[in-house]
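Peer 1: My structure file protein36.txt, compact mmCIF, C-alpha atoms, is below:
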```
# COMPACT_ATOMS: atom_id res chain seq x y z
CA MET A 19 11.85 21.61 -7.27
CA GLY A 20 9.97 18.37 -6.56
CA ARG A 21 11.32 14.98 -7.44
CA THR A 22 10.24 13.49 -10.75
CA LYS A 23 8.36 10.22 -10.42
CA SER A 24 9.90 7.16 -12.05
CA PRO A 25 8.01 5.94 -15.15
CA ARG A 26 7.48 2.64 -13.33
CA ASN A 27 5.95 4.40 -10.33
CA LYS A 28 2.19 4.02 -10.80
CA THR A 29 1.16 5.50 -7.45
CA ILE A 30 -2.00 7.59 -7.67
CA ASP A 31 -1.32 10.83 -5.82
CA ILE A 32 -2.93 13.61 -7.82
CA CYS A 33 -4.12 16.63 -5.85
CA VAL A 34 -7.71 17.81 -5.49
CA GLU A 35 -7.27 20.66 -7.97
CA GLU A 36 -5.81 18.35 -10.57
CA GLY A 37 -8.63 15.90 -9.99
CA ARG A 38 -11.46 18.38 -9.61
CA HIS A 39 -13.39 16.68 -12.43
CA TYR A 40 -13.32 13.44 -10.43
CA LEU A 41 -14.63 15.20 -7.34
CA LYS A 42 -17.56 16.56 -9.35
CA ARG A 43 -18.66 12.97 -10.03
CA CYS A 44 -19.12 12.35 -6.31
CA LYS A 45 -22.44 12.86 -4.60
CA THR A 46 -23.32 14.72 -1.41
CA ILE A 47 -26.49 13.97 0.50
CA ASP A 48 -28.11 15.57 3.53
CA LYS A 49 -31.59 14.05 3.41
CA PRO A 50 -33.13 10.59 2.92
CA VAL A 51 -32.51 9.11 -0.53
CA GLU A 52 -33.48 6.06 -2.52
CA ILE A 53 -30.86 3.50 -3.46
CA LYS A 54 -31.42 4.13 -7.18
CA ASP A 55 -30.19 7.69 -6.69
CA ILE A 56 -26.84 6.73 -5.14
CA ILE A 57 -26.04 3.28 -6.50
CA ASN A 58 -22.50 2.92 -7.88
CA ALA A 59 -21.49 6.26 -6.43
CA THR A 60 -18.86 7.76 -4.19
CA ILE A 61 -20.52 9.90 -1.53
CA CYS A 62 -18.30 12.67 -0.22
CA GLY A 63 -19.24 13.27 3.39
CA ASP A 64 -19.02 12.18 7.01
CA MET A 65 -20.47 8.68 7.36
CA PHE A 66 -22.11 9.66 10.66
CA LYS A 67 -24.20 12.18 8.70
CA VAL A 68 -24.61 10.20 5.48
CA VAL A 69 -25.61 6.76 6.79
CA PRO A 70 -28.87 7.95 8.44
CA CYS A 71 -30.00 9.10 4.98
CA LEU A 72 -29.73 5.63 3.45
CA PRO A 73 -32.72 3.27 3.29
CA PRO A 74 -32.80 0.36 5.77
CA LYS A 75 -32.41 -3.27 4.65
CA SER A 76 -30.92 -2.21 1.32
CA VAL A 77 -27.36 -3.56 1.44
CA ASP A 78 -26.17 -7.13 0.89
CA LEU A 79 -22.62 -6.76 2.14
CA VAL A 80 -20.78 -4.20 4.24
CA ILE A 81 -16.99 -4.00 4.32
CA VAL A 82 -15.63 -1.65 6.96
CA ASP A 83 -12.04 -0.47 7.32
CA PRO A 84 -12.40 2.10 10.13
CA PRO A 85 -9.55 4.12 11.58
CA TYR A 86 -7.54 1.88 13.88
CA ASN A 87 -7.02 3.26 17.36
CA LEU A 88 -3.77 4.95 16.42
CA THR A 89 -2.80 8.57 15.98
CA LYS A 90 -2.45 8.84 12.22
CA GLN A 91 -2.41 11.53 9.57
CA TYR A 92 -4.78 11.14 6.62
CA HIS A 93 -3.73 13.94 4.28
CA GLY A 94 -4.98 16.96 6.20
CA LYS A 95 -7.11 15.05 8.73
CA THR A 96 -5.83 13.49 11.93
CA PHE A 97 -7.35 10.59 13.80
CA LYS A 98 -6.10 10.70 17.38
CA LYS A 99 -5.66 7.61 19.51
CA LYS A 100 -8.51 7.37 21.99
CA LYS A 101 -8.86 5.83 25.40
CA ARG A 102 -10.24 2.30 25.22
CA ASP A 103 -13.76 3.33 26.32
CA GLU A 104 -13.80 6.20 23.84
CA TYR A 105 -12.79 3.96 20.97
CA ARG A 106 -15.41 1.45 22.02
CA SER A 107 -18.05 4.23 21.92
CA PHE A 108 -16.78 5.41 18.53
CA THR A 109 -17.03 1.87 17.14
CA ALA A 110 -20.44 1.18 18.67
CA GLY A 111 -21.63 4.46 17.17
CA TRP A 112 -20.86 3.66 13.55
CA LEU A 113 -21.77 -0.01 13.96
CA ASP A 114 -25.26 0.74 15.29
CA MET A 115 -25.82 3.14 12.40
CA VAL A 116 -24.67 0.71 9.71
CA LEU A 117 -26.36 -2.50 10.87
CA PRO A 118 -29.95 -1.36 10.07
CA LEU A 119 -28.89 -0.96 6.43
CA ILE A 120 -28.02 -4.65 6.03
CA LYS A 121 -30.54 -7.13 4.69
CA ASP A 122 -31.48 -10.10 6.88
CA THR A 123 -29.41 -12.28 4.55
CA GLY A 124 -26.46 -9.89 4.59
CA SER A 125 -22.93 -10.02 5.95
CA ILE A 126 -20.35 -7.64 7.37
CA TYR A 127 -16.57 -7.71 7.50
CA VAL A 128 -14.64 -5.36 9.79
CA CYS A 129 -10.90 -4.75 9.43
CA CYS A 130 -8.75 -4.04 12.49
CA ASP A 131 -5.33 -4.41 14.04
CA TRP A 132 -4.65 -6.69 17.01
CA GLU A 133 -5.49 -4.05 19.60
CA SER A 134 -8.72 -2.69 18.11
CA SER A 135 -9.71 -6.28 17.33
CA LEU A 136 -10.26 -6.89 21.05
CA ILE A 137 -12.93 -4.17 21.10
CA ILE A 138 -14.50 -4.74 17.69
CA GLY A 139 -14.86 -8.49 18.11
CA GLN A 140 -16.72 -8.08 21.40
CA LEU A 141 -19.09 -5.48 19.98
CA LEU A 142 -19.90 -7.69 17.00
CA MET A 143 -20.59 -10.67 19.25
CA GLU A 144 -23.11 -8.61 21.19
CA ARG A 145 -25.06 -7.74 18.03
CA LEU A 146 -24.55 -10.37 15.32
CA ILE A 147 -23.66 -13.95 14.52
CA VAL A 148 -19.87 -13.88 14.46
CA ARG A 149 -18.66 -16.63 12.14
CA ASN A 150 -14.92 -16.18 12.06
CA ARG A 151 -11.90 -14.00 12.56
CA ILE A 152 -9.61 -13.87 9.55
CA THR A 153 -5.97 -13.00 10.12
CA TRP A 154 -3.90 -11.87 7.16
CA GLN A 155 -0.18 -11.36 6.86
CA ARG A 156 0.87 -7.91 5.71
CA GLU A 157 4.15 -9.34 4.39
CA LYS A 158 6.03 -6.44 5.92
CA GLY A 159 5.74 -4.40 9.06
CA ARG A 160 7.66 -2.04 11.28
CA GLY A 161 10.22 -3.56 13.60
CA ALA A 162 10.21 -2.86 17.32
CA ARG A 163 13.10 -2.86 19.78
CA ALA A 164 11.07 -4.07 22.75
CA ASN A 165 8.19 -5.95 21.16
CA TRP A 166 7.34 -8.39 18.39
CA LYS A 167 7.18 -6.96 14.89
CA ASN A 168 3.55 -6.31 13.97
CA CYS A 169 2.80 -7.70 10.50
CA LEU A 170 -0.67 -9.25 10.98
CA GLU A 171 -4.17 -7.76 10.83
CA ASP A 172 -7.62 -9.15 11.61
CA ILE A 173 -10.91 -9.10 9.74
CA TRP A 174 -14.03 -10.08 11.69
CA TYR A 175 -16.74 -11.86 9.70
CA ALA A 176 -20.34 -11.74 10.94
CA THR A 177 -23.84 -12.17 9.52
CA MET A 178 -27.29 -10.91 10.35
CA SER A 179 -28.77 -14.44 10.36
CA ASN A 180 -28.06 -18.00 9.32
CA ARG A 181 -29.56 -17.24 5.89
CA CYS A 182 -26.35 -15.85 4.49
CA THR A 183 -24.24 -16.15 1.35
CA PHE A 184 -20.92 -17.97 1.31
CA ASN A 185 -19.54 -18.96 -2.09
CA LEU A 186 -16.78 -21.43 -1.28
CA GLU A 187 -16.05 -22.33 -4.88
CA ASP A 188 -15.39 -18.68 -5.68
CA VAL A 189 -12.57 -18.28 -3.17
CA MET A 190 -10.45 -21.37 -3.69
CA ILE A 191 -6.70 -20.86 -3.50
CA ARG A 192 -4.23 -22.49 -5.89
CA ARG A 193 -1.20 -24.01 -4.16
CA ARG A 194 1.82 -25.83 -5.46
CA VAL A 195 1.84 -29.59 -4.93
CA ILE A 196 5.23 -30.53 -3.54
CA ALA A 197 4.64 -34.29 -3.21
CA PRO A 198 2.08 -35.23 -5.88
CA TYR A 199 0.05 -38.36 -5.18
CA LYS A 200 -1.38 -40.41 -8.03
CA GLU A 201 -4.14 -42.98 -8.09
CA ASN A 202 -4.20 -45.42 -11.00
CA GLY A 203 -1.49 -43.33 -12.60
CA LYS A 204 -3.55 -40.15 -12.58
CA PRO A 205 -3.27 -37.05 -10.35
CA LYS A 206 -5.52 -37.26 -7.28
CA ASP A 207 -7.10 -33.91 -6.38
CA TRP A 208 -4.42 -31.88 -8.22
CA LYS A 209 -3.55 -30.73 -11.73
CA GLU A 210 -0.43 -31.54 -13.70
CA THR A 211 0.72 -28.71 -15.98
CA LYS A 212 3.79 -27.64 -17.93
CA ARG A 213 4.47 -24.99 -15.31
CA GLY A 214 4.12 -27.25 -12.30
CA ASN A 215 1.64 -29.18 -10.21
CA TYR A 216 -1.19 -27.38 -8.42
CA ARG A 217 -4.15 -28.05 -6.19
CA ASP A 218 -7.16 -25.79 -5.66
CA THR A 219 -7.80 -25.87 -1.91
CA CYS A 220 -10.39 -24.50 0.49
CA PRO A 221 -9.27 -21.23 2.09
CA SER A 222 -8.54 -21.06 5.80
CA ASN A 223 -8.91 -18.08 8.12
CA PHE A 224 -5.17 -17.33 7.88
CA TRP A 225 -4.17 -15.62 4.64
CA ASP A 226 -0.49 -15.50 3.75
CA ASP A 227 -0.94 -14.84 0.02
CA ILE A 228 -1.63 -11.09 0.17
CA SER A 229 0.77 -8.46 -1.20
CA VAL A 230 0.37 -4.95 0.18
CA PRO A 231 0.16 -2.43 -2.72
CA PHE A 232 3.47 -0.85 -3.62
CA TRP A 233 4.69 1.87 -5.97
CA SER A 234 4.83 -0.15 -9.21
CA MET A 235 1.31 -1.59 -8.88
CA PRO A 236 -1.51 0.25 -10.74
CA GLU A 237 -3.81 -0.05 -7.72
CA ASN A 238 -1.38 1.77 -5.42
CA THR A 239 -2.26 5.20 -4.02
CA ALA A 240 -0.61 7.51 -1.51
CA HIS A 241 -3.20 6.56 1.13
CA PRO A 242 -1.36 5.54 4.34
CA ALA A 243 -3.56 2.52 5.08
CA GLN A 244 -4.75 1.20 1.72
CA LYS A 245 -6.07 -2.37 1.60
CA PRO A 246 -5.05 -4.66 -1.30
CA GLU A 247 -7.62 -5.38 -3.99
CA LYS A 248 -6.93 -9.11 -3.66
CA LEU A 249 -7.86 -9.00 0.02
CA ILE A 250 -11.18 -7.27 -0.61
CA ALA A 251 -11.91 -9.49 -3.61
CA LYS A 252 -11.98 -12.54 -1.34
CA LEU A 253 -14.58 -10.93 0.92
CA ILE A 254 -16.79 -9.77 -1.94
CA LEU A 255 -16.67 -13.06 -3.84
CA ALA A 256 -17.37 -15.12 -0.74
CA SER A 257 -20.27 -13.12 0.65
CA SER A 258 -22.15 -11.59 -2.28
CA GLN A 259 -23.63 -12.47 -5.64
CA PRO A 260 -23.22 -10.61 -8.95
CA GLY A 261 -25.53 -7.61 -8.88
CA ASP A 262 -25.59 -7.41 -5.07
CA LEU A 263 -24.96 -4.11 -3.32
CA VAL A 264 -21.74 -3.60 -1.35
CA LEU A 265 -21.30 -0.68 1.07
CA ASP A 266 -18.07 0.73 2.49
CA PRO A 267 -18.72 3.57 4.97
CA PHE A 268 -14.99 4.40 5.36
CA LEU A 269 -14.04 4.14 1.70
CA GLY A 270 -10.56 5.67 1.83
CA SER A 271 -8.95 5.55 -1.60
CA GLY A 272 -11.74 3.40 -3.02
CA THR A 273 -10.58 -0.21 -2.95
CA THR A 274 -13.96 -1.73 -1.99
CA SER A 275 -15.86 0.15 -4.71
CA VAL A 276 -13.23 -0.61 -7.33
CA VAL A 277 -13.18 -4.33 -6.57
CA ALA A 278 -16.98 -4.50 -6.42
CA LYS A 279 -17.11 -2.92 -9.89
CA LYS A 280 -14.50 -5.31 -11.26
CA LEU A 281 -16.43 -8.30 -9.91
CA GLY A 282 -19.85 -7.25 -11.22
CA ARG A 283 -21.33 -5.99 -7.96
CA ASN A 284 -22.98 -2.66 -7.25
CA TYR A 285 -21.40 -0.39 -4.69
CA ILE A 286 -21.74 2.66 -2.48
CA GLY A 287 -18.68 4.23 -0.89
CA ILE A 288 -18.69 6.98 1.74
CA GLU A 289 -15.56 9.07 2.33
CA GLN A 290 -15.17 12.47 3.99
CA ASN A 291 -11.72 13.31 2.61
CA GLU A 292 -12.07 15.03 -0.77
CA LEU A 293 -8.59 13.93 -1.84
CA TYR A 294 -9.42 10.28 -1.29
CA CYS A 295 -12.68 10.71 -3.17
CA VAL A 296 -10.66 11.97 -6.14
CA TRP A 297 -8.39 8.92 -6.00
CA ALA A 298 -11.36 6.58 -5.66
CA GLU A 299 -13.06 8.03 -8.74
CA LYS A 300 -9.86 7.88 -10.76
CA ARG A 301 -9.46 4.21 -9.84
CA LEU A 302 -13.07 3.50 -10.78
CA GLU A 303 -12.38 5.08 -14.16
CA MET A 304 -9.26 2.94 -14.57
CA ALA A 305 -11.33 -0.17 -13.81
CA ASP A 306 -13.25 0.44 -17.05
CA GLU A 307 -10.04 -0.26 -18.96
CA ASP A 308 -8.52 -2.92 -16.71
CA SER A 309 -10.65 -5.19 -14.55
CA SER A 310 -7.78 -7.45 -13.47
CA ILE A 311 -7.00 -8.07 -9.81
CA GLN A 312 -3.41 -8.87 -8.86
CA GLY A 313 -3.16 -12.46 -7.62
CA TYR A 314 -6.60 -13.49 -8.91
CA THR A 315 -6.73 -15.14 -12.32
CA ASP A 316 -9.34 -17.30 -14.05
CA GLY A 317 -11.46 -17.51 -10.91
CA VAL A 318 -8.62 -18.70 -8.69
CA PHE A 319 -6.55 -16.98 -6.00
CA TRP A 320 -2.88 -17.75 -6.44
CA GLU A 321 -0.15 -17.97 -3.85
CA ARG A 322 2.16 -15.00 -3.56
CA ASN A 323 5.11 -14.88 -6.00
CA THR A 324 3.49 -17.06 -8.68
CA LEU A 325 3.20 -14.37 -11.35
CA ALA A 326 4.86 -16.46 -14.05
CA GLU A 327 2.34 -19.22 -13.53
CA GLN A 328 -0.54 -16.77 -13.66
CA ILE A 329 0.70 -15.29 -16.91
CA SER A 330 0.93 -18.80 -18.33
CA ARG A 331 -2.43 -19.77 -16.85
CA ALA A 332 -3.54 -21.37 -20.11
CA ASP A 333 -1.14 -24.20 -19.39
CA SER A 334 -2.98 -25.06 -16.16
CA THR A 335 -5.89 -26.55 -18.05
CA GLU A 336 -3.82 -28.70 -20.39
```
Could you show the structure in this file as C-alpha cells?

Peer 2:
Amino acid sequence: MGRTKSPRNKTIDICVEEGRHYLKRCKTIDKPVEIKDIINATICGDMFKVVPCLPPKSVDLVIVDPPYNLTKQYHGKTFKKKKRDEYRSFTAGWLDMVLPLIKDTGSIYVCCDWESSLIIGQLLMERLIVRNRITWQREKGRGARANWKNCLEDIWYATMSNRCTFNLEDVMIRRRVIAPYKENGKPKDWKETKRGNYRDTCPSNFWDDISVPFWSMPENTAHPAQKPEKLIAKLILASSQPGDLVLDPFLGSGTTSVVAKKLGRNYIGIEQNELYCVWAEKRLEMADEDSSIQGYTDGVFWERNTLAEQISRADSTE
C-alpha cells in the first residue's frame, strides 16, 4: 500500500491517466502553423520536430532550460551524459533551430550548470550579443567528499540586437537596511516602515534570494529539475512587455508558461513527456485561481525568508 501524502504536501504528481483531461488540452503539430493557432498552448512533442513548424520572427523572449549534460531520469525518459563534442552538437542543434523564431528585438536566456555553461556560453557568443551571465544560488545542493559542494547554476542572457527590452524598474529587489542613513531627518533612498527599514535596489547578476520549490509550496511538482517561479519571473519581467510572446522549447513541468500567464504575457511551451504536459496544464489551471508568485509582492522581489514582511506589505507604504 502506498504512503498517504501529508495534507500540507502540495506536490503535483498525478499520473497521466488521472490527468488525461489535461493532456487533451495540449496540442500536437506536424506541419507549419500560425501563431494564432498555438498561442497560450502546451505542445506535446519533440522540440526538434515541433520548432521547424513555428513561424520565424514571432517570439519576443525565449527561456531555455535544456537537459544538463548529466545522466538523469525524467519519469520514463533518460538523458545520458554525452561526450563534450556530442553535447556541443546537441546544443548547437536546438539553438540554431530556435534562434530564427526570435524577433530582432528579442532576447534569450539559457539555464545551465557550471560544466554545460562552458559550452553554452561559447555557442551563444558565436551567434548573439551576450550581455551577461547570471549565477543563482540553489540554497541547497549535494555534498561531495572530494570536491566543492555544487549549489550554484548559471543563466546566460543574450539578445538578437541592441534594440532589446530590459525593464530595470520591474526587477528591483527589496533589501533590509541595516544602517539607515538620513538626510535632513528623512530616510535617504530607503523606506521606514513598522516592519523594518528597506531599500529597493538594482539587481546584480548574482541571485541569492531564490528558494527551490519544496513539498509544501503549491508550485512544486515531482519533476527532478524544476525551476522556481520566482527565478523565471525575473527573466520574463526584465525582458518582455505585457502581451509579448514567451517560448520555452524544453517546458518540463510548465514553470515558464505558468509564470508568463501570471504576469500577463502570452506563451508557448513544448514538452515531449506526456506526464510533464499534464502537470503543466494543471498548473496553468491553478494559475486562474492564484496568480501569486512566491517572493514577489507588489511589484518587488523580496529577499529570502522575509515572508512576514511580505504578508504585511501594506505597512511598507506607510

Peer 1: What lies within 9 Å of Val68 of chain A using only C-alpha atoms, ignoring chain neighbours under 3 positions off, as number ranges by chain?

Peer 2: A: 46-50, 61-65, 71-72, 267, 288

Peer 1: Write out, as a short mmCIF file (atom, residue, chain, number, x, y, z; two decimals), keeping the file's coordinate frame, the residues just selected, with C-alpha atoms.

Peer 2:
```cif
data_model
loop_
_atom_site.label_atom_id
_atom_site.label_comp_id
_atom_site.auth_asym_id
_atom_site.auth_seq_id
_atom_site.Cartn_x
_atom_site.Cartn_y
_atom_site.Cartn_z
CA THR A 46 -23.32 14.72 -1.41
CA ILE A 47 -26.49 13.97 0.50
CA ASP A 48 -28.11 15.57 3.53
CA LYS A 49 -31.59 14.05 3.41
CA PRO A 50 -33.13 10.59 2.92
CA ILE A 61 -20.52 9.90 -1.53
CA CYS A 62 -18.30 12.67 -0.22
CA GLY A 63 -19.24 13.27 3.39
CA ASP A 64 -19.02 12.18 7.01
CA MET A 65 -20.47 8.68 7.36
CA CYS A 71 -30.00 9.10 4.98
CA LEU A 72 -29.73 5.63 3.45
CA PRO A 267 -18.72 3.57 4.97
CA ILE A 288 -18.69 6.98 1.74
#
```

Peer 1: Using atom CA of Arg193 of chain A and atom CA of Tyr216 of chain A as the two end points, give the distance in Å to one decimal.

Peer 2: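 Atom CA of Arg193 of chain A sits 5.4 Å away from atom CA of Tyr216 of chain A.
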
Peer 1: Which is closer to Gly272 of chain A than all the others in A:Ile126, A:Leu293, A:Val116, A:Leu141, using only C-alpha atoms?

Peer 2: A:Leu293

Peer 1: One decimal, in Å: what's the spacing between atom CA of Glu36 of chain A and atom CA of Phe232 of chain A?

Peer 2: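 Computing it gives 22.4 Å between the two atoms.
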
Peer 1: Which residues, written as a PyMOL selection string, have at least one atom at most 12 Å from Cys182 of chain A, with all atoms listed in the file counted and residues fewer than 2 positions away on the same chain left out?

Peer 2: chain A and resi 78-79+120-126+147+149+175-180+184-185+256-259

Peer 1: Go ahead and save the residues from that selection, with C-alpha atoms, as a compact mmCIF listing (two decimals), keeping the file's coordinate frame.

Peer 2:
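File written: part-v8.txt
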```txt
# COMPACT_ATOMS: atom_id res chain seq x y z
CA ASP A 78 -26.17 -7.13 0.89
CA LEU A 79 -22.62 -6.76 2.14
CA ILE A 120 -28.02 -4.65 6.03
CA LYS A 121 -30.54 -7.13 4.69
CA ASP A 122 -31.48 -10.10 6.88
CA THR A 123 -29.41 -12.28 4.55
CA GLY A 124 -26.46 -9.89 4.59
CA SER A 125 -22.93 -10.02 5.95
CA ILE A 126 -20.35 -7.64 7.37
CA ILE A 147 -23.66 -13.95 14.52
CA ARG A 149 -18.66 -16.63 12.14
CA TYR A 175 -16.74 -11.86 9.70
CA ALA A 176 -20.34 -11.74 10.94
CA THR A 177 -23.84 -12.17 9.52
CA MET A 178 -27.29 -10.91 10.35
CA SER A 179 -28.77 -14.44 10.36
CA ASN A 180 -28.06 -18.00 9.32
CA PHE A 184 -20.92 -17.97 1.31
CA ASN A 185 -19.54 -18.96 -2.09
CA ALA A 256 -17.37 -15.12 -0.74
CA SER A 257 -20.27 -13.12 0.65
CA SER A 258 -22.15 -11.59 -2.28
CA GLN A 259 -23.63 -12.47 -5.64
```

Peer 1: Please supply segment 151-175 of chain A, rebuilt with N, CA and C atoms, as a compact mmCIF listing (two decimals), in the coordinates of the input.

Peer 2:
```txt
# COMPACT_ATOMS: atom_id res chain seq x y z
N ARG A 151 -12.86 -15.10 12.55
CA ARG A 151 -11.90 -14.00 12.56
C ARG A 151 -10.78 -14.39 11.61
N ILE A 152 -10.67 -13.64 10.53
CA ILE A 152 -9.61 -13.87 9.55
C ILE A 152 -8.38 -13.08 10.00
N THR A 153 -7.22 -13.70 9.86
CA THR A 153 -5.97 -13.00 10.12
C THR A 153 -5.14 -13.06 8.84
N TRP A 154 -4.70 -11.89 8.39
CA TRP A 154 -3.90 -11.87 7.16
C TRP A 154 -2.54 -11.25 7.42
N GLN A 155 -1.57 -11.77 6.68
CA GLN A 155 -0.18 -11.36 6.86
C GLN A 155 0.13 -10.20 5.93
N ARG A 156 0.58 -9.10 6.50
CA ARG A 156 0.87 -7.91 5.71
C ARG A 156 2.14 -8.03 4.89
N GLU A 157 2.92 -9.07 5.12
CA GLU A 157 4.15 -9.34 4.39
C GLU A 157 5.31 -8.48 4.90
N LYS A 158 4.99 -7.30 5.36
CA LYS A 158 6.03 -6.44 5.92
C LYS A 158 5.41 -5.60 7.02
N GLY A 159 6.23 -5.21 7.95
CA GLY A 159 5.74 -4.40 9.06
C GLY A 159 6.91 -3.69 9.72
N ARG A 160 6.61 -2.80 10.61
CA ARG A 160 7.66 -2.04 11.28
C ARG A 160 8.25 -2.84 12.44
N GLY A 161 9.56 -2.87 12.51
CA GLY A 161 10.22 -3.56 13.60
C GLY A 161 10.07 -2.80 14.91
N ALA A 162 10.30 -3.47 16.00
CA ALA A 162 10.21 -2.86 17.32
C ALA A 162 11.36 -3.37 18.18
N ARG A 163 11.95 -2.48 18.97
CA ARG A 163 13.10 -2.86 19.78
C ARG A 163 12.69 -3.67 21.01
N ALA A 164 11.48 -3.41 21.51
CA ALA A 164 11.07 -4.07 22.75
C ALA A 164 9.74 -4.79 22.60
N ASN A 165 9.46 -5.25 21.39
CA ASN A 165 8.19 -5.95 21.16
C ASN A 165 8.33 -6.77 19.88
N TRP A 166 7.35 -7.62 19.62
CA TRP A 166 7.34 -8.39 18.39
C TRP A 166 6.91 -7.50 17.23
N LYS A 167 7.53 -7.70 16.09
CA LYS A 167 7.18 -6.96 14.89
C LYS A 167 5.72 -7.23 14.53
N ASN A 168 4.97 -6.18 14.26
CA ASN A 168 3.55 -6.31 13.97
C ASN A 168 3.32 -6.37 12.46
N CYS A 169 3.02 -7.57 11.94
CA CYS A 169 2.80 -7.70 10.50
C CYS A 169 1.53 -8.50 10.20
N LEU A 170 0.60 -8.56 11.17
CA LEU A 170 -0.67 -9.25 10.98
C LEU A 170 -1.83 -8.31 11.27
N GLU A 171 -2.94 -8.50 10.55
CA GLU A 171 -4.17 -7.76 10.83
C GLU A 171 -5.34 -8.72 10.85
N ASP A 172 -6.42 -8.32 11.50
CA ASP A 172 -7.62 -9.15 11.61
C ASP A 172 -8.75 -8.59 10.75
N ILE A 173 -9.64 -9.49 10.37
CA ILE A 173 -10.91 -9.10 9.74
C ILE A 173 -11.99 -9.97 10.38
N TRP A 174 -12.93 -9.34 11.08
CA TRP A 174 -14.03 -10.08 11.69
C TRP A 174 -15.14 -10.28 10.67
N TYR A 175 -15.68 -11.49 10.63
CA TYR A 175 -16.74 -11.86 9.70
C TYR A 175 -17.99 -12.22 10.49
```
